[in-house]
Amino acid sequence: MVSKMATKMKPVDNSVNERRLRPIYDWLDNGNNKKALQEAEKVLKKQPNLQCARVLKALAMVRLGKSEEAQTILKEVQMEEPCEDATLQAMAICYRETHRPELTCQIYEAAVRKDPTNEEFLSHLFMGYVRIGDYRKQQQTAMALFKVKPKNPYYFWAVMSILMQAYVNDDTVCLTITLPLAERMIKKFVEEKKIEAEAEVQLYLMVLEKQKKYQEALEVLQGSLSEKLAPGMIETKKGEYLRQMKRWDQMMDYIEELLRSNPDQWNYYNFYMEALFELAATNVDVVGRAKTFLIYLVEQERIKSVNKLRGPYLAMLLFWQQLQQRNFDASAVFGNFREFAQEYVEIMGDKPCAFQDLRPFVNSLPPDQVTEFLGCISPSVGLDHSSLQSPNTVKQICRHLLHIQLNRFLGQHDLLSREEKIKLSQELWGHYLRTKSLNVGLLATDFRPNDGYALLAAHLLLDTWNNDPVVLDKCLLLLETALANSPANYHLKLLVTRVYTLAGYGRAAFQRYESLDVKYIQLDSLGHLLCRPLISMGLPYAASPLLSSTLRFYTTHARETSECLISAYKFGSFGKIPEFTQFCQRLDSSAHFASSTTERMLLDLLLDSSSHAKLVQSASGMFADPDKDQPDWKTCVDNRDCGVFVSWDPPAKNSREDMVKTTFKDEVKFAQLRNRLVHSLIATVSLSPNWQNEVQETKNSVNGQRIKEPKNKIVLQRLLGEIRLLLTEFKSESFMSHNQFSVQSPPPPRLYTYVENGSLEPLLILMDIVAKGQCHAIGSNDILGFERALSQVIESAQLSVPSEGFWRYYTRLERVYNAVETLCLCVLIVSTMHAIIKTSNASIKKKKKKGDATSDDANSGVEQFSTLIRCITSSIGKVELLFEQHNVQVSFSQMNLTDMDVAEGAEDITAEIKYKLSQSPMLEMKSLLADKLKLLETCNL
Amino acid sequence: MTTLRPFTCDDMFRFNFVNLDPLTETYGLTFYLQYMAHWPEYFQLTEAPGGEIMGYIMGKAEGHATNWHGHVTALSVAPDYRRLGLAAKLMCGLEEISEKKAAYFVDLFVRVSNTVAINMYKNLGYIIYRTVLEYYSGSPDEDAYDMRKSLSRDVDKLSVVPLTHPVRPEDIE
């Protein structure tokens, strides 16, 4: 609230001012910036020099989009070096809203120079440095603050600022000078018994940890300072320090002590195993000791009748796994894995988490023990598996599902033939239907206990997919039916979204994705599920708002994070400061951010260019800088949450990690290619004669100068070269085949079809002509090359169309969209060429009139240019013809679903799915092409 | 078999098993970051052996004099990890910290329709201190129970004498 600042003004001589300014603050707070502006002007008529009124006027202007004028006012006020709190704070708000935090530092630096003992100014200056991350100046300012007011927080702000310097420059200077300084500063306070807060002790530990002084840190934990620390922290830290110092026997004793009082804390077991096996390398006896201890913990649970803890049981499995992995004779030491796993299944098998619990350990089961293991847990289900008997209780459902999940995970489903898989899937679906009656007393927001059958049935069906669209349609029917019964189950929603995507049903996928209510940070972690795939499915108009909200998230986070950093200093949460800084960086370097930015720009060019003038307007409005507007591709990070899909696939088949790595690498490559493409397109459009006019119109409101035409030509040539280099590099690599993509893996990167289709070739040829300045005299080789390149793109779209329609295949649809997009971008370049030719023809005509030239160049130029247009027009016609040949409605009604007994409601569900699919996926592509065809018609010479 | 540990920024990238649940709200970054900045010890999560996030609790300490108390802002457990006593464990941790901070009581708000949660809190020793009318906006608005449990500092249990009349949201301190 801006108004809060008003009350801070000195009342003595400012009471009149405060009364006058109050209404401006009120209007600003109410969001009525126009009124605020008028009110400020009224005050300024009476007191033209009143700084605060001038700044508030500027603030109103900033919010009204008049940044230029506001900057002028702010600059003037800044020159006067204001020294009054309300003015300074209002200026700080202006700078924050215009993303100029460094200016806030400047005004407070000036204020501090005038009034060096003002605690308020110094404190604002410190926060200003925090916003821009200038740790050295933070340190100086914090010490200045401490000298003015010797409060502990100021002193420790200085220490933290020193520590941050060490985080950034991890070099010898920081080890020999920076960190020892920080340590000395804290020690001084410890010796003088001035330590007041937990935060100060934590910071002490952080400084010691950074120097790897674990012994000293351990002593802090054992001394009187530890009383200030929160519960839980001492235990974890002590374990960690012992580990760092490799004091394994001490560590083992200590962890045993902790586990006795808290046998369910899982990370203690990990610590325990590490210490144990480090010791076992020289002394095998400890293995026996550990066994006795772990069995003791299990015994403690065995005697309980209720609320048994899972930890001790799983710890036995972990122990067994570790023995196995470290080449100990696990069965000699331990007995049988089966025994403990079986006991675990007995106790916890009726909880939905049982599979996830067992997964990490079952993984290490030797192949020859798989059947035995599965056989021994089978009775715990309590079902006659041969007679297709269905469970009678919810707990039995859980046990049954666990059994099937483990069977799948241990590779039993891989042994089945296609027919057997389909049969099993039908059986599971039968169980689903028969157990529906057990779903009683549940809220709409609860998962249904039998949802797992539907998910497993769908997974089994998807095993048989092999690019057969009918399989996907069946899956959709199952999943939509299950979702209708269990509307809150996000596992179902995620899977159904993915299946719609694989089937190329973009709109339906979008609808289901929306029901997940993905927002804020999830836009980064889950956005990959649909953002880019929507474009591939030929829905650029639908993707557009999704990209906008995604980008809004990315552009606001930095400001949000820096405010929270300030809070962390204020509340002394020093541990969070490096964490927030890294988090901010992680968001900034998100690959999804880079890709969304580029795709957003491309869509703006594509969708907002119904005329050449509009194209120029949207291209110049991007103020693109090909050198600055690209991230460091090497440091892009993968923030996708690829673990969000549940899967019971065997680890080898799944190899999710490889998939994640490869798709990430290829998504980054694609983003890089697209980034260079959008900048080449903008550079091309910038060569249009209309661009200059455009610039003159916007010159007043835009800061910065336009690059002159010849320079842009060089830029364009350079960019085209970069694209060619990238293409050569990518073409030499072997891409993943689409069959390798399972339902749970991330969507296939568009890079593959994009490069294979040669989507960029026609564009490169056209842009090359522009870059060489040959628009009015296009070489016949270029024309031929263009025709060939374009027809290759169109052909691969045509080839990707099977008789029953391409919309049932994600990647085929993608190839069609690639063609559509290439055609549309061709039109944009051609419209630019047209503008260039027209202008140069006009000047030739002028010259002709003067009798200076007699050449027929212009005429032959017209002829070649018309050939280009004809080629594009006829290609558009070919793609439109593809659309005409297919009717979506056919697809779903032709489905052979009789073998899936969907029971009551099946017709409704089918009708609903059909309704979802009724909006043709071609609609957006059609309208895009129609729009560009119109633009092309205006390009005739 | 849970790892209880402080919530960190990176956890936000993979808390989807918890947050995709329709009753769990995903807030803007500032919300989470401010809690981490202000009350880091009050923001804890539980993790499964495989690394999945099973649930988390967000809380804070606030109030003056005898109203100094711990407050539960959000408590959520992923559907697949319910009925394992995780919520109780997380609540217990929050009470422990509040004891350490010498708070008088812990309180929380819950939808009056959320009987599962209300019963769980009752089992943990919480009582319905008062009803807050139309606390949750929606169509229609829903009342909340303000539930409380006293801590050892409140020797005479004065904080848990239930109010006899409901209050409006604007009347909550």
# chains A, B, ... in the order shown; residues from 1 in each chain; ligands from 1
$ closest_atom_pairs --of "chain B" --to "chain A" --cutoff "6 Å" --atoms "only C-alpha atoms" --output "CSV"
residue,atom,partner,partner_atom,distance
B:Met1,CA,A:Gly311,CA,3.9
B:Thr2,CA,A:Trp266,CA,5.1
B:Thr3,CA,A:Trp266,CA,4.8
B:Phe13,CA,A:Ser525,CA,5.6
B:Arg14,CA,A:Asp641,CA,5.8
B:Gly28,CA,A:Tyr520,CA,5.7
B:Thr30,CA,A:Glu560,CA,5.9
B:Gln34,CA,A:Cys564,CA,5.7
B:Ala37,CA,A:Ala568,CA,4.4
B:His38,CA,A:Phe571,CA,5.6
B:Asp80,CA,A:Pro352,CA,5.3
B:Tyr81,CA,A:Cys353,CA,5.7
$ write_last_selection --atoms "N, CA, C and O atoms" --output "compact mmCIF listing (two decimals), in the first residue's frame"
# COMPACT_ATOMS: atom_id res chain seq x y z
N MET B 1 8.02 -44.68 8.41
CA MET B 1 9.03 -44.71 7.37
C MET B 1 8.88 -43.51 6.48
O MET B 1 8.36 -43.52 5.41
N THR B 2 9.31 -42.50 7.07
CA THR B 2 9.07 -41.20 6.54
C THR B 2 10.30 -40.40 6.85
O THR B 2 10.87 -40.59 7.91
N THR B 3 10.68 -39.54 5.95
CA THR B 3 11.70 -38.58 6.34
C THR B 3 10.99 -37.26 6.58
O THR B 3 10.33 -36.75 5.69
N PHE B 13 8.94 -27.91 -7.12
CA PHE B 13 8.94 -28.45 -8.48
C PHE B 13 8.33 -29.84 -8.53
O PHE B 13 8.03 -30.35 -9.59
N ARG B 14 8.23 -30.48 -7.35
CA ARG B 14 7.73 -31.86 -7.41
C ARG B 14 6.74 -32.18 -6.29
O ARG B 14 6.67 -33.29 -5.82
N GLY B 28 0.57 -18.65 -5.18
CA GLY B 28 1.66 -17.95 -5.86
C GLY B 28 2.96 -18.15 -5.08
O GLY B 28 2.93 -18.51 -3.90
N THR B 30 5.12 -16.18 -3.79
CA THR B 30 5.35 -15.34 -2.61
C THR B 30 4.81 -16.01 -1.35
O THR B 30 5.42 -15.94 -0.29
N GLN B 34 7.36 -16.55 1.53
CA GLN B 34 7.25 -15.74 2.74
C GLN B 34 7.19 -16.63 3.98
O GLN B 34 7.78 -16.32 5.00
N ALA B 37 10.62 -17.77 4.59
CA ALA B 37 11.48 -16.69 5.06
C ALA B 37 11.18 -16.37 6.52
O ALA B 37 12.07 -16.04 7.29
N HIS B 38 9.91 -16.44 6.87
CA HIS B 38 9.50 -15.97 8.19
C HIS B 38 9.48 -17.08 9.23
O HIS B 38 9.92 -16.90 10.36
N ASP B 80 -2.57 -41.00 -2.06
CA ASP B 80 -2.05 -42.36 -1.93
C ASP B 80 -1.33 -42.60 -0.61
O ASP B 80 -0.94 -43.73 -0.31
N TYR B 81 -1.12 -41.55 0.16
CA TYR B 81 -0.39 -41.72 1.42
C TYR B 81 -1.26 -41.38 2.63
O TYR B 81 -0.74 -41.04 3.69
$ residues_around --residues "Ser150 of chain B" --least-positions-apart "3" --cutoff "7 Å" --atoms "only C-alpha atoms" --output "list in words"
Tyr104, Phe105, Val106, Asp154, Lys157, Ser159 and Val160 of chain B
$ write_last_selection --atoms "N, CA, C and O atoms" --output "mmCIF file, in the first residue's frame"
data_model
loop_
_atom_site.group_PDB
_atom_site.id
_atom_site.type_symbol
_atom_site.label_atom_id
_atom_site.label_comp_id
_atom_site.auth_asym_id
_atom_site.auth_seq_id
_atom_site.Cartn_x
_atom_site.Cartn_y
_atom_site.Cartn_z
ATOM 1 N N TYR B 104 0.941 -20.468 23.821
ATOM 2 C CA TYR B 104 -0.104 -20.913 24.749
ATOM 3 C C TYR B 104 -0.969 -22.023 24.146
ATOM 4 O O TYR B 104 -1.494 -22.859 24.849
ATOM 5 N N PHE B 105 -1.143 -21.949 22.824
ATOM 6 C CA PHE B 105 -1.986 -22.970 22.189
ATOM 7 C C PHE B 105 -1.661 -23.052 20.707
ATOM 8 O O PHE B 105 -0.880 -22.242 20.186
ATOM 9 N N VAL B 106 -2.228 -24.057 20.039
ATOM 10 C CA VAL B 106 -2.132 -24.163 18.579
ATOM 11 C C VAL B 106 -3.544 -24.093 18.037
ATOM 12 O O VAL B 106 -4.464 -24.672 18.637
ATOM 13 N N ASP B 154 -0.121 -22.864 28.906
ATOM 14 C CA ASP B 154 -1.459 -22.451 29.319
ATOM 15 C C ASP B 154 -1.924 -23.396 30.427
ATOM 16 O O ASP B 154 -2.741 -24.296 30.222
ATOM 17 N N LYS B 157 -5.607 -23.834 31.076
ATOM 18 C CA LYS B 157 -6.396 -24.207 29.879
ATOM 19 C C LYS B 157 -7.418 -23.120 29.512
ATOM 20 O O LYS B 157 -8.537 -23.417 29.109
ATOM 21 N N SER B 159 -7.220 -21.046 27.114
ATOM 22 C CA SER B 159 -7.340 -20.828 25.667
ATOM 23 C C SER B 159 -8.349 -21.769 25.028
ATOM 24 O O SER B 159 -8.768 -21.570 23.895
ATOM 25 N N VAL B 160 -8.747 -22.817 25.734
ATOM 26 C CA VAL B 160 -9.629 -23.798 25.103
ATOM 27 C C VAL B 160 -11.014 -23.853 25.757
ATOM 28 O O VAL B 160 -11.674 -24.891 25.757
#
$ atom_distance --atom1 "atom CA of Leu45 of chain B" --atom2 "atom CA of Phe7 of chain B"
5.5 Å
$ closest_residue --among "A:Ala199, A:Lys845, A:Val62, A:Val470" --to "Trp39 of chain B" --atoms "only C-alpha atoms"
A:Ala199
$ select_by_dssp --residues "segment 110-207 of chain A" --states "alpha helix (DSSP H)" --output "ChimeraX atom specification"
/A:110-114,119-132,135-148,152-168,172-173,179-191,198-207
$ closest_residue --among "B:Ala117, B:Tyr136, B:Pro40, B:Leu151" --to "Arg83 of chain B" --atoms "only C-alpha atoms"
B:Ala117
$ residues_around --residues "segment 245-254 of chain A" --least-positions-apart "3" --cutoff "10 Å" --atoms "only C-alpha atoms" --output "ChimeraX atom specification"
/A:212-215,235,238-242,257-259,268,271-279,286,290
$ residues_around --residues "Glu102 of chain A" --least-positions-apart "6" --cutoff "12 Å" --atoms "only C-alpha atoms" --output "ChimeraX atom specification"
/A:91-92,94-96,108-109,125-134
$ select_by_dssp --residues "segment 35-151 of chain B" --states "strand (DSSP E or B)" --output "PyMOL selection string"
chain B and resi 44-47+53-62+69-77+105-111+127-136+142-150
$ atom_distance --atom1 "atom CA of Asn675 of chain A" --atom2 "atom CA of Thr598 of chain A"
5.4 Å
$ atom_distance --atom1 "atom CA of Leu603 of chain A" --atom2 "atom CA of Leu502 of chain A"
22.8 Å
$ residues_around --residues "segment 435-440 of chain A" --least-positions-apart "5" --cutoff "8 Å" --atoms "only C-alpha atoms" --output "PDB file with all heavy atoms, in the first residue's frame"
ATOM      1  N   SER A 390     -13.789 -61.376  -7.569  1.00  0.00           N
ATOM      2  CA  SER A 390     -13.424 -59.990  -7.283  1.00  0.00           C
ATOM      3  C   SER A 390     -13.432 -59.746  -5.778  1.00  0.00           C
ATOM      4  O   SER A 390     -14.140 -60.423  -5.035  1.00  0.00           O
ATOM      5  CB  SER A 390     -14.408 -59.033  -7.952  1.00  0.00           C
ATOM      6  OG  SER A 390     -14.188 -59.013  -9.333  1.00  0.00           O
ATOM      7  N   PRO A 391     -12.618 -58.764  -5.326  1.00  0.00           N
ATOM      8  CA  PRO A 391     -12.556 -58.474  -3.895  1.00  0.00           C
ATOM      9  C   PRO A 391     -13.905 -58.063  -3.304  1.00  0.00           C
ATOM     10  O   PRO A 391     -14.771 -57.532  -4.005  1.00  0.00           O
ATOM     11  CB  PRO A 391     -11.584 -57.302  -3.826  1.00  0.00           C
ATOM     12  CG  PRO A 391     -10.770 -57.396  -5.050  1.00  0.00           C
ATOM     13  CD  PRO A 391     -11.674 -57.941  -6.091  1.00  0.00           C
ATOM     14  N   ASN A 392     -14.020 -58.312  -2.010  1.00  0.00           N
ATOM     15  CA  ASN A 392     -15.247 -57.954  -1.304  1.00  0.00           C
ATOM     16  C   ASN A 392     -15.084 -56.772  -0.377  1.00  0.00           C
ATOM     17  O   ASN A 392     -16.066 -56.257   0.145  1.00  0.00           O
ATOM     18  CB  ASN A 392     -15.721 -59.152  -0.464  1.00  0.00           C
ATOM     19  CG  ASN A 392     -16.103 -60.306  -1.341  1.00  0.00           C
ATOM     20  OD1 ASN A 392     -16.811 -60.120  -2.330  1.00  0.00           O
ATOM     21  ND2 ASN A 392     -15.606 -61.496  -1.014  1.00  0.00           N
ATOM     22  N   THR A 393     -13.848 -56.399  -0.127  1.00  0.00           N
ATOM     23  CA  THR A 393     -13.635 -55.255   0.755  1.00  0.00           C
ATOM     24  C   THR A 393     -12.613 -54.311   0.111  1.00  0.00           C
ATOM     25  O   THR A 393     -11.866 -54.708  -0.785  1.00  0.00           O
ATOM     26  CB  THR A 393     -13.051 -55.686   2.119  1.00  0.00           C
ATOM     27  OG1 THR A 393     -11.765 -56.264   1.877  1.00  0.00           O
ATOM     28  CG2 THR A 393     -13.950 -56.698   2.812  1.00  0.00           C
ATOM     29  N   VAL A 394     -12.625 -53.087   0.614  1.00  0.00           N
ATOM     30  CA  VAL A 394     -11.687 -52.091   0.094  1.00  0.00           C
ATOM     31  C   VAL A 394     -10.243 -52.531   0.359  1.00  0.00           C
ATOM     32  O   VAL A 394      -9.367 -52.400  -0.481  1.00  0.00           O
ATOM     33  CB  VAL A 394     -11.981 -50.720   0.734  1.00  0.00           C
ATOM     34  CG1 VAL A 394     -10.868 -49.730   0.416  1.00  0.00           C
ATOM     35  CG2 VAL A 394     -13.309 -50.176   0.242  1.00  0.00           C
ATOM     36  N   ARG A 448     -11.423 -43.105  -5.727  1.00  0.00           N
ATOM     37  CA  ARG A 448     -12.156 -44.351  -5.514  1.00  0.00           C
ATOM     38  C   ARG A 448     -11.144 -45.475  -5.340  1.00  0.00           C
ATOM     39  O   ARG A 448     -10.144 -45.529  -6.092  1.00  0.00           O
ATOM     40  CB  ARG A 448     -13.073 -44.645  -6.718  1.00  0.00           C
ATOM     41  CG  ARG A 448     -14.474 -44.074  -6.617  1.00  0.00           C
ATOM     42  CD  ARG A 448     -14.468 -42.640  -6.230  1.00  0.00           C
ATOM     43  NE  ARG A 448     -15.809 -42.116  -5.961  1.00  0.00           N
ATOM     44  CZ  ARG A 448     -16.024 -40.982  -5.292  1.00  0.00           C
ATOM     45  NH1 ARG A 448     -15.023 -40.280  -4.818  1.00  0.00           N
ATOM     46  NH2 ARG A 448     -17.255 -40.554  -5.105  1.00  0.00           N
ATOM     47  N   PRO A 449     -11.405 -46.377  -4.385  1.00  0.00           N
ATOM     48  CA  PRO A 449     -10.424 -47.437  -4.133  1.00  0.00           C
ATOM     49  C   PRO A 449     -10.160 -48.310  -5.357  1.00  0.00           C
ATOM     50  O   PRO A 449      -9.071 -48.862  -5.503  1.00  0.00           O
ATOM     51  CB  PRO A 449     -11.058 -48.266  -3.016  1.00  0.00           C
ATOM     52  CG  PRO A 449     -12.237 -47.519  -2.533  1.00  0.00           C
ATOM     53  CD  PRO A 449     -12.549 -46.418  -3.469  1.00  0.00           C
ATOM     54  N   ASN A 450     -11.147 -48.457  -6.234  1.00  0.00           N
ATOM     55  CA  ASN A 450     -10.952 -49.363  -7.377  1.00  0.00           C
ATOM     56  C   ASN A 450     -10.406 -48.651  -8.623  1.00  0.00           C
ATOM     57  O   ASN A 450     -10.278 -49.268  -9.672  1.00  0.00           O
ATOM     58  CB  ASN A 450     -12.253 -50.102  -7.711  1.00  0.00           C
ATOM     59  CG  ASN A 450     -13.349 -49.150  -8.169  1.00  0.00           C
ATOM     60  OD1 ASN A 450     -13.242 -47.939  -7.950  1.00  0.00           O
ATOM     61  ND2 ASN A 450     -14.381 -49.670  -8.818  1.00  0.00           N
TER      62      ASN A 450
END
$ residues_around --residues "segment 810-824 of chain A" --least-positions-apart "4" --cutoff "6 Å" --atoms "only C-alpha atoms" --output "PyMOL selection string"
chain A and resi 502-504+536-538+793-794+797+800+806+932
$ residues_around --residues "Leu534 of chain A" --least-positions-apart "5" --cutoff "8 Å" --atoms "only C-alpha atoms" --output "list in words"
Gly506, Phe510, Leu539, Pro540, Ala542 and Ala543 of chain A
$ decode --residues "segment 660-669 of chain A" --atoms "all heavy atoms" --output "PDB file, in the first residue's frame"
ATOM      1  N   VAL A 660      14.010 -38.985 -20.025  1.00  0.00           N
ATOM      2  CA  VAL A 660      13.944 -37.614 -19.523  1.00  0.00           C
ATOM      3  C   VAL A 660      15.151 -36.831 -20.023  1.00  0.00           C
ATOM      4  O   VAL A 660      15.019 -35.713 -20.528  1.00  0.00           O
ATOM      5  CB  VAL A 660      13.878 -37.616 -17.973  1.00  0.00           C
ATOM      6  CG1 VAL A 660      14.092 -36.234 -17.410  1.00  0.00           C
ATOM      7  CG2 VAL A 660      12.547 -38.175 -17.508  1.00  0.00           C
ATOM      8  N   LYS A 661      16.323 -37.453 -19.934  1.00  0.00           N
ATOM      9  CA  LYS A 661      17.544 -36.775 -20.359  1.00  0.00           C
ATOM     10  C   LYS A 661      17.499 -36.451 -21.853  1.00  0.00           C
ATOM     11  O   LYS A 661      17.791 -35.340 -22.276  1.00  0.00           O
ATOM     12  CB  LYS A 661      18.761 -37.660 -20.070  1.00  0.00           C
ATOM     13  CG  LYS A 661      19.405 -37.325 -18.747  1.00  0.00           C
ATOM     14  CD  LYS A 661      20.720 -38.093 -18.609  1.00  0.00           C
ATOM     15  CE  LYS A 661      20.896 -38.522 -17.167  1.00  0.00           C
ATOM     16  NZ  LYS A 661      21.607 -39.758 -16.996  1.00  0.00           N
ATOM     17  N   THR A 662      17.157 -37.464 -22.649  1.00  0.00           N
ATOM     18  CA  THR A 662      17.169 -37.269 -24.091  1.00  0.00           C
ATOM     19  C   THR A 662      16.140 -36.238 -24.528  1.00  0.00           C
ATOM     20  O   THR A 662      16.444 -35.348 -25.328  1.00  0.00           O
ATOM     21  CB  THR A 662      16.879 -38.601 -24.818  1.00  0.00           C
ATOM     22  OG1 THR A 662      17.668 -39.606 -24.215  1.00  0.00           O
ATOM     23  CG2 THR A 662      17.190 -38.508 -26.285  1.00  0.00           C
ATOM     24  N   THR A 663      14.922 -36.365 -24.017  1.00  0.00           N
ATOM     25  CA  THR A 663      13.899 -35.405 -24.452  1.00  0.00           C
ATOM     26  C   THR A 663      14.287 -33.989 -24.028  1.00  0.00           C
ATOM     27  O   THR A 663      14.074 -33.043 -24.776  1.00  0.00           O
ATOM     28  CB  THR A 663      12.510 -35.737 -23.877  1.00  0.00           C
ATOM     29  OG1 THR A 663      12.603 -35.866 -22.465  1.00  0.00           O
ATOM     30  CG2 THR A 663      11.952 -36.999 -24.470  1.00  0.00           C
ATOM     31  N   PHE A 664      14.877 -33.871 -22.847  1.00  0.00           N
ATOM     32  CA  PHE A 664      15.275 -32.533 -22.408  1.00  0.00           C
ATOM     33  C   PHE A 664      16.301 -31.935 -23.367  1.00  0.00           C
ATOM     34  O   PHE A 664      16.166 -30.796 -23.837  1.00  0.00           O
ATOM     35  CB  PHE A 664      15.838 -32.593 -20.991  1.00  0.00           C
ATOM     36  CG  PHE A 664      16.449 -31.298 -20.550  1.00  0.00           C
ATOM     37  CD1 PHE A 664      15.652 -30.185 -20.331  1.00  0.00           C
ATOM     38  CD2 PHE A 664      17.813 -31.161 -20.385  1.00  0.00           C
ATOM     39  CE1 PHE A 664      16.201 -28.969 -19.954  1.00  0.00           C
ATOM     40  CE2 PHE A 664      18.378 -29.961 -20.012  1.00  0.00           C
ATOM     41  CZ  PHE A 664      17.567 -28.863 -19.794  1.00  0.00           C
ATOM     42  N   LYS A 665      17.305 -32.733 -23.675  1.00  0.00           N
ATOM     43  CA  LYS A 665      18.373 -32.290 -24.576  1.00  0.00           C
ATOM     44  C   LYS A 665      17.764 -31.835 -25.915  1.00  0.00           C
ATOM     45  O   LYS A 665      18.109 -30.796 -26.465  1.00  0.00           O
ATOM     46  CB  LYS A 665      19.320 -33.478 -24.798  1.00  0.00           C
ATOM     47  CG  LYS A 665      20.749 -33.142 -25.064  1.00  0.00           C
ATOM     48  CD  LYS A 665      21.574 -34.429 -25.150  1.00  0.00           C
ATOM     49  CE  LYS A 665      21.296 -35.181 -26.410  1.00  0.00           C
ATOM     50  NZ  LYS A 665      21.130 -36.530 -26.534  1.00  0.00           N
ATOM     51  N   ASP A 666      16.819 -32.645 -26.412  1.00  0.00           N
ATOM     52  CA  ASP A 666      16.240 -32.351 -27.716  1.00  0.00           C
ATOM     53  C   ASP A 666      15.255 -31.180 -27.670  1.00  0.00           C
ATOM     54  O   ASP A 666      15.115 -30.446 -28.645  1.00  0.00           O
ATOM     55  CB  ASP A 666      15.578 -33.608 -28.284  1.00  0.00           C
ATOM     56  CG  ASP A 666      16.628 -34.666 -28.640  1.00  0.00           C
ATOM     57  OD1 ASP A 666      17.804 -34.291 -28.798  1.00  0.00           O
ATOM     58  OD2 ASP A 666      16.268 -35.849 -28.738  1.00  0.00           O
ATOM     59  N   GLU A 667      14.572 -31.009 -26.541  1.00  0.00           N
ATOM     60  CA  GLU A 667      13.695 -29.842 -26.406  1.00  0.00           C
ATOM     61  C   GLU A 667      14.535 -28.561 -26.412  1.00  0.00           C
ATOM     62  O   GLU A 667      14.136 -27.551 -26.982  1.00  0.00           O
ATOM     63  CB  GLU A 667      12.871 -29.902 -25.113  1.00  0.00           C
ATOM     64  CG  GLU A 667      11.764 -30.950 -25.091  1.00  0.00           C
ATOM     65  CD  GLU A 667      10.596 -30.657 -26.036  1.00  0.00           C
ATOM     66  OE1 GLU A 667      10.620 -29.637 -26.760  1.00  0.00           O
ATOM     67  OE2 GLU A 667       9.663 -31.478 -26.078  1.00  0.00           O
ATOM     68  N   VAL A 668      15.688 -28.625 -25.763  1.00  0.00           N
ATOM     69  CA  VAL A 668      16.560 -27.446 -25.736  1.00  0.00           C
ATOM     70  C   VAL A 668      17.063 -27.137 -27.142  1.00  0.00           C
ATOM     71  O   VAL A 668      17.086 -25.982 -27.573  1.00  0.00           O
ATOM     72  CB  VAL A 668      17.731 -27.637 -24.746  1.00  0.00           C
ATOM     73  CG1 VAL A 668      18.747 -26.516 -24.871  1.00  0.00           C
ATOM     74  CG2 VAL A 668      17.212 -27.710 -23.325  1.00  0.00           C
ATOM     75  N   LYS A 669      17.428 -28.182 -27.874  1.00  0.00           N
ATOM     76  CA  LYS A 669      17.886 -27.980 -29.257  1.00  0.00           C
ATOM     77  C   LYS A 669      16.799 -27.327 -30.090  1.00  0.00           C
ATOM     78  O   LYS A 669      17.048 -26.419 -30.891  1.00  0.00           O
ATOM     79  CB  LYS A 669      18.238 -29.330 -29.892  1.00  0.00           C
ATOM     80  CG  LYS A 669      19.559 -29.875 -29.481  1.00  0.00           C
ATOM     81  CD  LYS A 669      19.765 -31.216 -30.174  1.00  0.00           C
ATOM     82  CE  LYS A 669      20.978 -31.911 -29.625  1.00  0.00           C
ATOM     83  NZ  LYS A 669      20.989 -33.325 -29.983  1.00  0.00           N
TER      84      LYS A 669
END
